[in-house]
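Asker: So that you have it, the file is start_19.tsv, and it contains TSV, C-alpha atoms:
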```tsv
chain	number	residue	atom	x	y	z
O	12	MET	CA	-101.33	51.70	59.42
O	13	ILE	CA	-99.33	48.84	60.89
O	14	LEU	CA	-100.36	47.63	64.32
O	15	SER	CA	-97.96	48.05	67.24
O	16	ASP	CA	-97.14	45.38	69.83
O	17	GLY	CA	-99.59	46.78	72.41
O	18	THR	CA	-102.47	46.77	69.93
O	19	ILE	CA	-101.57	43.29	68.67
O	20	ARG	CA	-101.50	41.97	72.24
O	21	ARG	CA	-104.84	43.61	73.03
O	22	LEU	CA	-106.55	42.23	69.90
O	23	ILE	CA	-105.20	38.75	70.65
O	24	ASN	CA	-106.45	38.99	74.25
O	25	GLU	CA	-109.84	40.23	73.06
O	26	GLY	CA	-109.99	37.35	70.59
O	27	SER	CA	-110.37	39.43	67.43
O	28	ILE	CA	-106.97	38.18	66.18
O	29	GLY	CA	-106.57	34.43	66.62
O	30	LEU	CA	-102.95	33.27	66.87
O	31	GLU	CA	-102.21	30.02	68.58
O	32	PRO	CA	-100.20	28.50	70.04
O	33	ILE	CA	-98.32	31.66	70.97
O	34	THR	CA	-95.93	32.68	73.73
O	35	LYS	CA	-95.34	36.26	74.90
O	36	ASP	CA	-91.78	36.33	73.55
O	37	GLN	CA	-93.09	35.97	69.99
O	38	ILE	CA	-94.59	39.48	69.99
O	39	GLN	CA	-92.16	41.94	68.37
O	40	PRO	CA	-92.53	45.77	68.16
O	41	GLY	CA	-94.73	45.67	65.03
O	42	SER	CA	-95.13	41.97	64.28
O	43	VAL	CA	-95.43	38.48	65.71
O	44	ASP	CA	-92.77	35.82	65.13
O	45	VAL	CA	-94.02	32.58	63.64
O	46	ARG	CA	-92.42	29.15	63.84
O	47	LEU	CA	-91.81	26.44	61.28
O	48	ASP	CA	-93.88	23.27	61.52
O	49	ARG	CA	-92.48	19.77	60.89
O	50	LYS	CA	-94.38	19.05	57.66
O	51	PHE	CA	-93.00	20.01	54.24
O	52	ARG	CA	-94.42	19.58	50.76
O	53	VAL	CA	-91.68	18.63	48.31
O	54	PHE	CA	-91.81	18.50	44.52
O	55	ARG	CA	-91.39	15.14	42.76
O	56	ASN	CA	-89.56	16.76	39.86
O	57	HIS	CA	-88.62	13.43	38.26
O	58	THR	CA	-92.27	12.70	37.52
O	59	ALA	CA	-93.06	15.93	35.68
O	60	VAL	CA	-92.02	17.37	32.34
O	61	CYS	CA	-93.50	20.80	32.94
O	62	VAL	CA	-95.99	22.43	35.31
O	63	ASP	CA	-99.15	23.72	33.66
O	64	PRO	CA	-101.02	25.46	36.50
O	65	TYR	CA	-104.36	24.70	34.80
O	66	ASP	CA	-103.49	21.03	34.36
O	67	PRO	CA	-100.83	20.14	36.90
O	68	PRO	CA	-99.14	16.72	36.80
O	69	THR	CA	-100.80	14.21	39.13
O	70	ASP	CA	-98.88	13.61	42.34
O	71	LEU	CA	-96.59	16.56	41.59
O	72	THR	CA	-95.86	16.98	45.30
O	73	GLU	CA	-95.75	14.88	48.45
O	74	VAL	CA	-95.67	15.69	52.16
O	75	VAL	CA	-92.67	14.69	54.24
O	76	GLU	CA	-92.67	14.90	58.02
O	77	ILE	CA	-89.51	15.50	59.99
O	78	ALA	CA	-88.98	13.43	63.13
O	79	ASP	CA	-88.05	14.93	66.50
O	80	GLY	CA	-84.44	16.10	66.65
O	81	GLU	CA	-84.03	16.08	62.87
O	82	ALA	CA	-83.82	18.93	60.36
O	83	PHE	CA	-85.11	19.36	56.82
O	84	VAL	CA	-82.14	20.08	54.54
O	85	LEU	CA	-82.98	22.66	51.86
O	86	HIS	CA	-80.46	22.50	49.04
O	87	PRO	CA	-79.32	25.46	46.90
O	88	GLY	CA	-81.94	26.40	44.30
O	89	GLU	CA	-84.50	24.09	45.84
O	90	PHE	CA	-88.11	25.14	46.46
O	91	VAL	CA	-90.49	23.51	48.98
O	92	LEU	CA	-93.60	24.46	50.88
O	93	GLY	CA	-93.69	24.59	54.66
O	94	SER	CA	-96.20	25.98	57.11
O	95	THR	CA	-96.36	27.81	60.39
O	96	ILE	CA	-97.05	26.03	63.67
O	97	GLU	CA	-99.37	28.93	64.45
O	98	HIS	CA	-102.95	28.89	63.28
O	99	ILE	CA	-104.11	32.42	62.58
O	100	ARG	CA	-107.55	33.98	62.29
O	101	LEU	CA	-108.05	37.55	61.11
O	102	PRO	CA	-111.09	39.80	61.60
O	103	ASP	CA	-112.79	41.36	58.57
O	104	ASP	CA	-111.00	44.70	58.98
O	105	LEU	CA	-107.38	43.51	59.24
O	106	VAL	CA	-105.00	42.14	56.64
O	107	ALA	CA	-101.60	40.66	57.42
O	108	ARG	CA	-98.23	40.16	55.76
O	109	VAL	CA	-95.78	37.35	56.33
O	110	ASP	CA	-92.09	38.07	55.92
O	111	GLY	CA	-88.99	36.01	56.61
O	112	LYS	CA	-86.87	36.66	59.69
O	113	SER	CA	-83.92	38.85	58.83
O	114	SER	CA	-81.51	36.36	60.41
O	115	ILE	CA	-82.77	33.63	58.08
O	116	GLY	CA	-82.77	35.95	55.05
O	117	ARG	CA	-79.12	36.77	55.68
O	118	TYR	CA	-78.31	33.12	54.91
O	119	GLY	CA	-80.08	33.37	51.55
O	120	ILE	CA	-83.26	31.60	52.63
O	121	LEU	CA	-86.43	33.08	51.16
O	122	VAL	CA	-89.59	32.43	53.12
O	123	HIS	CA	-92.15	33.38	50.53
O	124	ALA	CA	-91.84	33.39	46.76
O	125	THR	CA	-94.67	35.87	46.38
O	126	ALA	CA	-98.02	36.40	48.01
O	127	GLY	CA	-96.92	37.41	51.48
O	128	PHE	CA	-100.35	38.99	51.70
O	129	ILE	CA	-103.04	37.47	53.95
O	130	ASP	CA	-106.60	38.64	53.37
O	131	ALA	CA	-109.09	39.89	55.93
O	132	SER	CA	-110.99	37.03	57.65
O	133	PHE	CA	-108.45	34.40	56.57
O	134	THR	CA	-108.16	31.49	58.96
O	135	GLY	CA	-105.62	28.66	58.92
O	136	ASN	CA	-101.91	27.98	59.02
O	137	VAL	CA	-99.75	30.22	56.86
O	138	VAL	CA	-98.05	28.39	54.00
O	139	LEU	CA	-94.38	29.28	53.51
O	140	GLU	CA	-92.80	29.17	50.05
O	141	LEU	CA	-89.26	28.28	51.07
O	142	SER	CA	-86.26	28.50	48.77
O	143	ASN	CA	-82.51	28.63	49.15
O	144	VAL	CA	-80.65	31.15	46.98
O	145	SER	CA	-77.34	30.58	48.78
O	146	SER	CA	-74.62	28.18	47.64
O	147	LEU	CA	-74.80	25.89	50.66
O	148	PRO	CA	-77.45	23.47	51.89
O	149	PHE	CA	-79.36	24.89	54.87
O	150	LYS	CA	-80.89	23.04	57.82
O	151	LEU	CA	-84.47	24.01	58.58
O	152	TRP	CA	-85.32	22.94	62.12
O	153	PRO	CA	-88.98	22.36	62.98
O	154	GLY	CA	-89.98	24.81	65.70
O	155	MET	CA	-87.46	27.49	64.64
O	156	LYS	CA	-88.61	31.08	64.32
O	157	ILE	CA	-88.84	31.43	60.55
O	158	GLY	CA	-90.83	34.58	59.86
O	159	GLN	CA	-92.97	37.33	61.22
O	160	ILE	CA	-96.53	38.45	60.62
O	161	SER	CA	-97.48	42.11	60.66
O	162	PHE	CA	-101.02	43.45	60.67
O	163	MET	CA	-102.57	46.36	58.79
O	164	ARG	CA	-106.01	47.86	59.23
O	165	LEU	CA	-108.45	48.31	56.37
O	166	ASP	CA	-110.25	51.63	56.27
O	167	GLN	CA	-113.48	49.71	56.97
O	168	PRO	CA	-114.47	46.02	57.20
O	169	ALA	CA	-114.36	44.17	53.89
O	170	GLU	CA	-117.79	43.64	52.37
O	171	ARG	CA	-116.81	40.24	51.01
O	172	PRO	CA	-113.96	39.05	53.25
O	173	TYR	CA	-111.85	35.96	52.52
O	174	GLY	CA	-114.06	32.87	52.54
O	175	HIS	CA	-117.14	34.76	51.30
O	176	PRO	CA	-119.23	32.48	49.03
O	177	ASP	CA	-118.88	34.93	46.09
O	178	LEU	CA	-115.10	34.51	46.14
O	179	GLY	CA	-113.20	31.40	45.19
O	180	SER	CA	-111.25	31.41	48.47
O	181	LYS	CA	-109.33	28.17	48.06
O	182	TYR	CA	-107.24	28.13	51.20
O	183	GLN	CA	-109.72	29.11	53.93
O	184	GLY	CA	-109.07	26.90	56.96
O	185	GLN	CA	-105.93	25.34	55.42
O	186	THR	CA	-103.87	23.10	57.69
O	187	GLY	CA	-100.20	22.42	56.98
O	188	PRO	CA	-98.38	22.96	53.66
O	189	VAL	CA	-101.36	22.90	51.28
O	190	GLY	CA	-100.26	22.80	47.63
O	191	SER	CA	-101.41	25.07	44.83
O	192	GLN	CA	-105.03	24.78	43.75
O	193	TYR	CA	-104.61	27.05	40.77
O	194	ASP	CA	-106.36	24.47	38.57
O	195	ALA	CA	-109.61	25.37	40.37
O	196	ASN	CA	-109.53	28.60	38.36
O	197	GLN	CA	-111.14	28.78	34.97
O	198	ALA	CA	-108.76	28.75	32.03
O	199	PRO	CA	-108.35	32.23	30.60
O	200	VAL	CA	-110.36	33.51	27.69
O	201	LEU	CA	-108.50	36.32	25.99
O	202	PRO	CA	-110.71	39.26	25.11
O	203	GLU	CA	-111.21	40.09	21.44
O	204	GLY	CA	-108.19	41.54	19.74
O	205	ARG	CA	-105.68	40.06	22.19
A	5	MET	CA	-104.12	51.97	55.69
A	6	LEU	CA	-105.30	49.63	53.00
A	7	LEU	CA	-108.51	49.97	51.04
A	8	SER	CA	-111.26	47.41	51.57
A	9	ASP	CA	-113.30	46.06	48.68
A	10	ARG	CA	-116.08	48.63	49.24
A	11	ASP	CA	-113.66	51.53	49.09
A	12	ILE	CA	-111.84	50.14	46.06
A	13	LEU	CA	-115.21	49.86	44.32
A	14	ALA	CA	-116.16	53.39	45.39
A	15	GLU	CA	-112.87	54.70	43.96
A	16	ILE	CA	-113.49	52.82	40.71
A	17	ASP	CA	-117.08	54.11	40.50
A	18	ALA	CA	-115.80	57.65	41.11
A	19	GLY	CA	-113.29	57.17	38.28
A	20	ARG	CA	-110.34	57.90	40.57
A	21	VAL	CA	-108.90	54.40	40.35
A	22	VAL	CA	-109.11	52.99	36.83
A	23	LEU	CA	-108.46	49.40	35.79
A	24	ASP	CA	-109.13	48.93	32.13
A	25	PRO	CA	-110.55	46.47	31.25
A	26	TYR	CA	-112.23	45.78	34.59
A	27	GLU	CA	-114.62	42.99	35.50
A	28	PRO	CA	-116.46	42.83	38.86
A	29	GLY	CA	-115.19	39.28	39.43
A	30	MET	CA	-111.65	40.64	39.79
A	31	LEU	CA	-112.49	42.37	43.09
A	32	GLN	CA	-111.09	40.59	46.17
A	33	PRO	CA	-111.54	41.57	49.87
A	34	SER	CA	-108.83	44.20	49.78
A	35	SER	CA	-107.24	43.90	46.34
A	36	ILE	CA	-107.98	43.46	42.65
A	37	ASP	CA	-106.81	40.44	40.67
A	38	VAL	CA	-104.82	41.30	37.56
A	39	ARG	CA	-104.23	39.16	34.49
A	40	LEU	CA	-101.17	38.38	32.43
A	41	ASP	CA	-100.93	39.90	28.97
A	42	ARG	CA	-99.59	38.02	25.96
A	43	PHE	CA	-96.37	40.00	25.52
A	44	PHE	CA	-93.10	39.07	27.18
A	45	ARG	CA	-89.70	40.68	27.13
A	46	VAL	CA	-86.92	38.09	27.08
A	47	PHE	CA	-83.20	38.58	27.57
A	48	ASP	CA	-80.77	38.03	24.69
A	49	ASN	CA	-77.92	37.24	27.06
A	50	HIS	CA	-75.62	36.13	24.24
A	51	LYS	CA	-75.29	39.68	22.93
A	52	TYR	CA	-73.43	41.20	25.87
A	53	PRO	CA	-70.64	39.93	28.16
A	54	HIS	CA	-72.37	41.52	31.15
A	55	ILE	CA	-75.22	43.89	31.99
A	56	ASP	CA	-74.03	47.44	32.57
A	57	PRO	CA	-76.91	49.67	33.64
A	58	ALA	CA	-74.75	52.72	32.85
A	59	GLN	CA	-74.55	51.74	29.17
A	60	ASP	CA	-77.21	51.82	26.48
A	61	GLN	CA	-77.73	48.11	25.84
A	62	SER	CA	-80.92	48.37	23.87
A	63	ASP	CA	-80.47	44.96	22.24
A	64	LEU	CA	-80.36	43.26	25.62
A	65	THR	CA	-84.07	42.43	25.57
A	66	ARG	CA	-86.52	41.47	22.86
A	67	LEU	CA	-90.32	41.40	22.81
A	68	VAL	CA	-91.95	38.03	22.13
A	69	GLU	CA	-95.59	37.10	21.71
A	70	PRO	CA	-96.77	33.48	21.97
A	71	ASP	CA	-98.73	32.22	18.96
A	72	GLY	CA	-102.51	32.01	19.40
A	73	ASP	CA	-103.41	30.15	22.58
A	74	GLU	CA	-99.89	28.89	23.20
A	75	PRO	CA	-98.50	29.40	26.71
A	76	PHE	CA	-95.16	31.03	27.43
A	77	ILE	CA	-92.91	28.40	29.02
A	78	LEU	CA	-90.75	29.81	31.82
A	79	HIS	CA	-87.83	27.51	32.59
A	80	PRO	CA	-86.21	27.10	36.03
A	81	GLY	CA	-84.01	30.05	36.92
A	82	GLU	CA	-85.23	32.04	33.94
A	83	PHE	CA	-86.23	35.70	34.28
A	84	VAL	CA	-88.50	37.59	31.87
A	85	LEU	CA	-90.70	40.65	31.97
A	86	GLY	CA	-94.42	40.51	31.39
A	87	SER	CA	-97.16	43.01	31.97
A	88	THR	CA	-100.69	43.11	33.20
A	89	TYR	CA	-103.49	42.98	30.71
A	90	GLU	CA	-105.08	45.84	32.63
A	91	THR	CA	-104.00	49.46	32.35
A	92	VAL	CA	-103.93	50.97	35.84
A	93	THR	CA	-104.49	54.62	36.67
A	94	LEU	CA	-104.10	55.96	40.20
A	95	PRO	CA	-105.01	59.33	41.71
A	96	ASP	CA	-102.39	61.42	43.53
A	97	ASP	CA	-103.36	60.21	47.00
A	98	ILE	CA	-103.40	56.44	46.48
A	99	ALA	CA	-100.38	54.20	45.99
A	100	ALA	CA	-100.60	50.53	45.13
A	101	ARG	CA	-98.64	47.31	45.45
A	102	VAL	CA	-98.63	44.35	43.09
A	103	GLU	CA	-98.15	40.84	44.46
A	104	GLY	CA	-98.24	37.39	42.95
A	105	LYS	CA	-101.17	35.04	43.48
A	106	SER	CA	-100.66	32.56	46.30
A	107	SER	CA	-101.57	29.64	44.05
A	108	LEU	CA	-98.68	30.50	41.73
A	109	GLY	CA	-96.24	31.25	44.54
A	110	ARG	CA	-96.89	27.73	45.81
A	111	LEU	CA	-95.55	26.47	42.49
A	112	GLY	CA	-92.32	28.47	42.86
A	113	LEU	CA	-93.24	31.33	40.52
A	114	LEU	CA	-92.11	34.81	41.50
A	115	THR	CA	-94.22	37.59	40.05
A	116	HIS	CA	-92.03	40.49	40.98
A	117	ALA	CA	-88.35	40.43	41.85
A	118	THR	CA	-88.64	43.65	43.78
A	119	ALA	CA	-90.44	46.95	43.41
A	120	GLY	CA	-93.99	45.78	43.81
A	121	TYR	CA	-94.78	49.37	44.60
A	122	VAL	CA	-96.73	51.30	41.94
A	123	VAL	CA	-96.00	55.00	41.77
A	124	ILE	CA	-98.64	57.63	42.20
A	125	CYS	CA	-99.78	59.05	38.90
A	126	SER	CA	-99.91	62.81	39.14
A	127	ASP	CA	-100.53	63.43	35.46
A	128	PRO	CA	-103.80	61.94	34.23
A	129	GLU	CA	-102.80	62.75	30.64
A	130	LYS	CA	-100.19	60.05	30.87
A	131	SER	CA	-102.74	57.44	31.79
A	132	GLN	CA	-103.78	57.01	28.18
A	133	VAL	CA	-100.64	55.16	27.17
A	134	ASN	CA	-101.08	52.02	25.17
A	135	PRO	CA	-100.49	49.11	27.54
A	136	HIS	CA	-98.34	47.46	24.87
A	137	SER	CA	-95.56	49.90	25.65
A	138	TYR	CA	-93.02	48.39	27.96
A	139	VAL	CA	-90.13	49.08	30.26
A	140	ASP	CA	-88.80	51.70	27.87
A	141	ASP	CA	-91.78	53.79	28.81
A	142	MET	CA	-91.48	53.41	32.54
A	143	SER	CA	-89.79	56.76	32.91
A	144	THR	CA	-92.62	58.58	31.22
A	145	THR	CA	-95.67	56.73	32.38
A	146	CYS	CA	-97.06	55.25	35.51
A	147	SER	CA	-100.17	53.91	33.86
A	148	GLU	CA	-98.95	50.38	33.49
A	149	VAL	CA	-97.78	47.71	35.82
A	150	ASP	CA	-94.87	45.70	34.55
A	151	LEU	CA	-94.47	42.25	35.96
A	152	GLU	CA	-91.09	40.65	36.44
A	153	VAL	CA	-91.51	36.92	36.29
A	154	ALA	CA	-88.95	34.39	37.43
A	155	ALA	CA	-89.02	30.74	38.44
```
With the file now loaded, output its structure as structure tokens.

Answerer:
Amino acid sequence: MILSDGTIRRLINEGSIGLEPITKDQIQPGSVDVRLDRKFRVFRNHTAVCVDPYDPPTDLTEVVEIADGEAFVLHPGEFVLGSTIEHIRLPDDLVARVDGKSSIGRYGILVHATAGFIDASFTGNVVLELSNVSSLPFKLWPGMKIGQISFMRLDQPAERPYGHPDLGSKYQGQTGPVGSQYDANQAPVLPEGR
Amino acid sequence: MLLSDRDILAEIDAGRVVLDPYEPGMLQPSSIDVRLDRFFRVFDNHKYPHIDPAQDQSDLTRLVEPDGDEPFILHPGEFVLGSTYETVTLPDDIAARVEGKSSLGRLGLLTHATAGYVVICSDPEKSQVNPHSYVDDMSTTCSEVDLEVAA
């Protein structure tokens, strides 16, 4: 079940959903608009031959910060990470989804490559996987409404929510456009016969 | 409503949701991690002037298997099919979604182009399909999850 505006507002007021900073006009019928922060993580493609997620090139990415009054120009085919201005905190019985704003999508701007899913008890900024599938460069303005978060209830609280010591929750408490930490995973061992 | 880890585990223990092979470490707060199998279906674009879904273009794709421990290198803009190592069986009152891992999305890897929704399996007999069977079998089985992978 997806939470309605009234329930979202109540849970924010009660403090069980953390979402800040937030203004009233961000709450939509079944979601909350989120805004783009000024920091982006760009890929230094010229330094890398190939990306092996278990052994990524050193300094594959770097953070750039956009000054007041300036935009980040995302070129066709380009892929960068951004993050939301809003810091979110979920209780152990809610999960959330981030999706791009329709008005941005209509220009060919994708807001997440995959993994629009946010686990129960996650806390931090939401990282956006921004790409441009249009044929024209697109100006991303810090502070613009870029996406929306919707909330879904679990049938009961998770036993081991995100951040539980048994899980390798790599992005708990993340701030800004945190890059992939896939290399923290163990390399795969294929079972016998595979 | 989504299932929490406890309920996913209860469904697995009851044999209603089956992931085979399954390891307890795959269980996340409200999802199960799935792994990539070693078979990929690549597109032989040079064989056809265009893709026509109304035509039988059975030579359009070809199955490849990396040698030994070699990785499959996915180049920018490339699109291939893969599949999960796990065979998935669902009961008639649970549907599922497959999504990419965040750590791979942050590297620009898409795990499904669309259709992350896994159909409800109403015929348990069909759940015993060899997971090596691929898109050709999608009309007759819902026991496997095919992954579309693109950079």

Asker: Show me a table, sorted first by chain and then by increasing residue number, of the residues of chain A having an atom at most 7 Å from chain O, each with its shortest atom pair and the distance in Å to one decimal, counting only C-alpha atoms and written as JSON lines.

Answerer:
```
{"residue": "A:Met5", "atom": "CA", "partner": "O:Met12", "partner_atom": "CA", "distance": 4.7}
{"residue": "A:Leu6", "atom": "CA", "partner": "O:Leu165", "partner_atom": "CA", "distance": 4.8}
{"residue": "A:Leu7", "atom": "CA", "partner": "O:Leu165", "partner_atom": "CA", "distance": 5.6}
{"residue": "A:Ser8", "atom": "CA", "partner": "O:Ala169", "partner_atom": "CA", "distance": 5.0}
{"residue": "A:Asp9", "atom": "CA", "partner": "O:Ala169", "partner_atom": "CA", "distance": 5.6}
{"residue": "A:Arg10", "atom": "CA", "partner": "O:Glu170", "partner_atom": "CA", "distance": 6.1}
{"residue": "A:Pro33", "atom": "CA", "partner": "O:Pro172", "partner_atom": "CA", "distance": 4.9}
{"residue": "A:Ser34", "atom": "CA", "partner": "O:Ala169", "partner_atom": "CA", "distance": 6.9}
{"residue": "A:Glu103", "atom": "CA", "partner": "O:Ala126", "partner_atom": "CA", "distance": 5.7}
{"residue": "A:Gly104", "atom": "CA", "partner": "O:Ala126", "partner_atom": "CA", "distance": 5.2}
{"residue": "A:Lys105", "atom": "CA", "partner": "O:Ala126", "partner_atom": "CA", "distance": 5.7}
{"residue": "A:Ser106", "atom": "CA", "partner": "O:Ala126", "partner_atom": "CA", "distance": 5.0}
{"residue": "A:Ser107", "atom": "CA", "partner": "O:Ser191", "partner_atom": "CA", "distance": 4.6}
{"residue": "A:Leu108", "atom": "CA", "partner": "O:Ser191", "partner_atom": "CA", "distance": 6.8}
{"residue": "A:Gly109", "atom": "CA", "partner": "O:Thr125", "partner_atom": "CA", "distance": 5.2}
{"residue": "A:Arg110", "atom": "CA", "partner": "O:Ser191", "partner_atom": "CA", "distance": 5.3}
{"residue": "A:Leu111", "atom": "CA", "partner": "O:Ser191", "partner_atom": "CA", "distance": 6.5}
{"residue": "A:Gly112", "atom": "CA", "partner": "O:Ala124", "partner_atom": "CA", "distance": 6.3}
{"residue": "A:Leu113", "atom": "CA", "partner": "O:Ala124", "partner_atom": "CA", "distance": 6.7}
{"residue": "A:Leu114", "atom": "CA", "partner": "O:Ala124", "partner_atom": "CA", "distance": 5.5}
{"residue": "A:Thr115", "atom": "CA", "partner": "O:Thr125", "partner_atom": "CA", "distance": 6.6}
```

Asker: Work out how far CA of Asp110 (chain O) is from CA of Leu13 (chain A), in Å to one decimal.

Answerer: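 Result for CA of Leu13 (chain A) versus CA of Asp110 (chain O): 28.4 Å, one decimal.
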
Asker: Interatomic distance between CA of Asp44 (chain O) and CA of Lys112 (chain O)?

Answerer: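 Those two atoms sit 8.1 Å apart.
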
Asker: I'd like the contact shell of Gly41 (chain O) - 9 Å cut-off, all atoms listed in the file, skipping same-chain residues fewer than 6 positions apart - returned as a PyMOL selection string.

Answerer: chain O and resi 13-17+19+160-162

Asker: CA of Asp17 (chain A) to CA of Pro95 (chain A): how many Å, to one decimal?

Answerer: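 The value is 13.2 Å.
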
Asker: Determine the axis-aligned bounding box of all atoms of region 44-54 of chain A present in the file, pad each side by 3 Å, and express its centre and edge lengths in Å to one decimal place as JSON.

Answerer:
```
{"center_x": -81.9, "center_y": 38.8, "center_z": 27.0, "size_x": 28.5, "size_y": 11.4, "size_z": 14.2}
```

Asker: Here is a test: counting all atoms listed in the file, which residue of A:Ile16, A:Asp60, A:Val22, A:Gly72 is nearest to Leu94 (chain A)?

Answerer: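 Closest candidate: A:Val22.
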
Asker: When you look at His86 (chain O) with a cut-off of 10 Å (counting only C-alpha atoms), what residues show up, excluding the ones that are within fewer than 3 positions of it in the same chain? I need them as a PDB file with C-alpha atoms, keeping the file's coordinate frame.

Answerer:
```pdb
ATOM      1  CA  PHE O  83     -85.110  19.360  56.820  1.00  0.00           C
ATOM      2  CA  GLU O  89     -84.500  24.090  45.840  1.00  0.00           C
ATOM      3  CA  PHE O  90     -88.110  25.140  46.460  1.00  0.00           C
ATOM      4  CA  SER O 142     -86.260  28.500  48.770  1.00  0.00           C
ATOM      5  CA  ASN O 143     -82.510  28.630  49.150  1.00  0.00           C
ATOM      6  CA  VAL O 144     -80.650  31.150  46.980  1.00  0.00           C
ATOM      7  CA  SER O 145     -77.340  30.580  48.780  1.00  0.00           C
ATOM      8  CA  SER O 146     -74.620  28.180  47.640  1.00  0.00           C
ATOM      9  CA  LEU O 147     -74.800  25.890  50.660  1.00  0.00           C
ATOM     10  CA  PRO O 148     -77.450  23.470  51.890  1.00  0.00           C
ATOM     11  CA  PHE O 149     -79.360  24.890  54.870  1.00  0.00           C
ATOM     12  CA  LYS O 150     -80.890  23.040  57.820  1.00  0.00           C
TER      13      LYS O 150
END
```
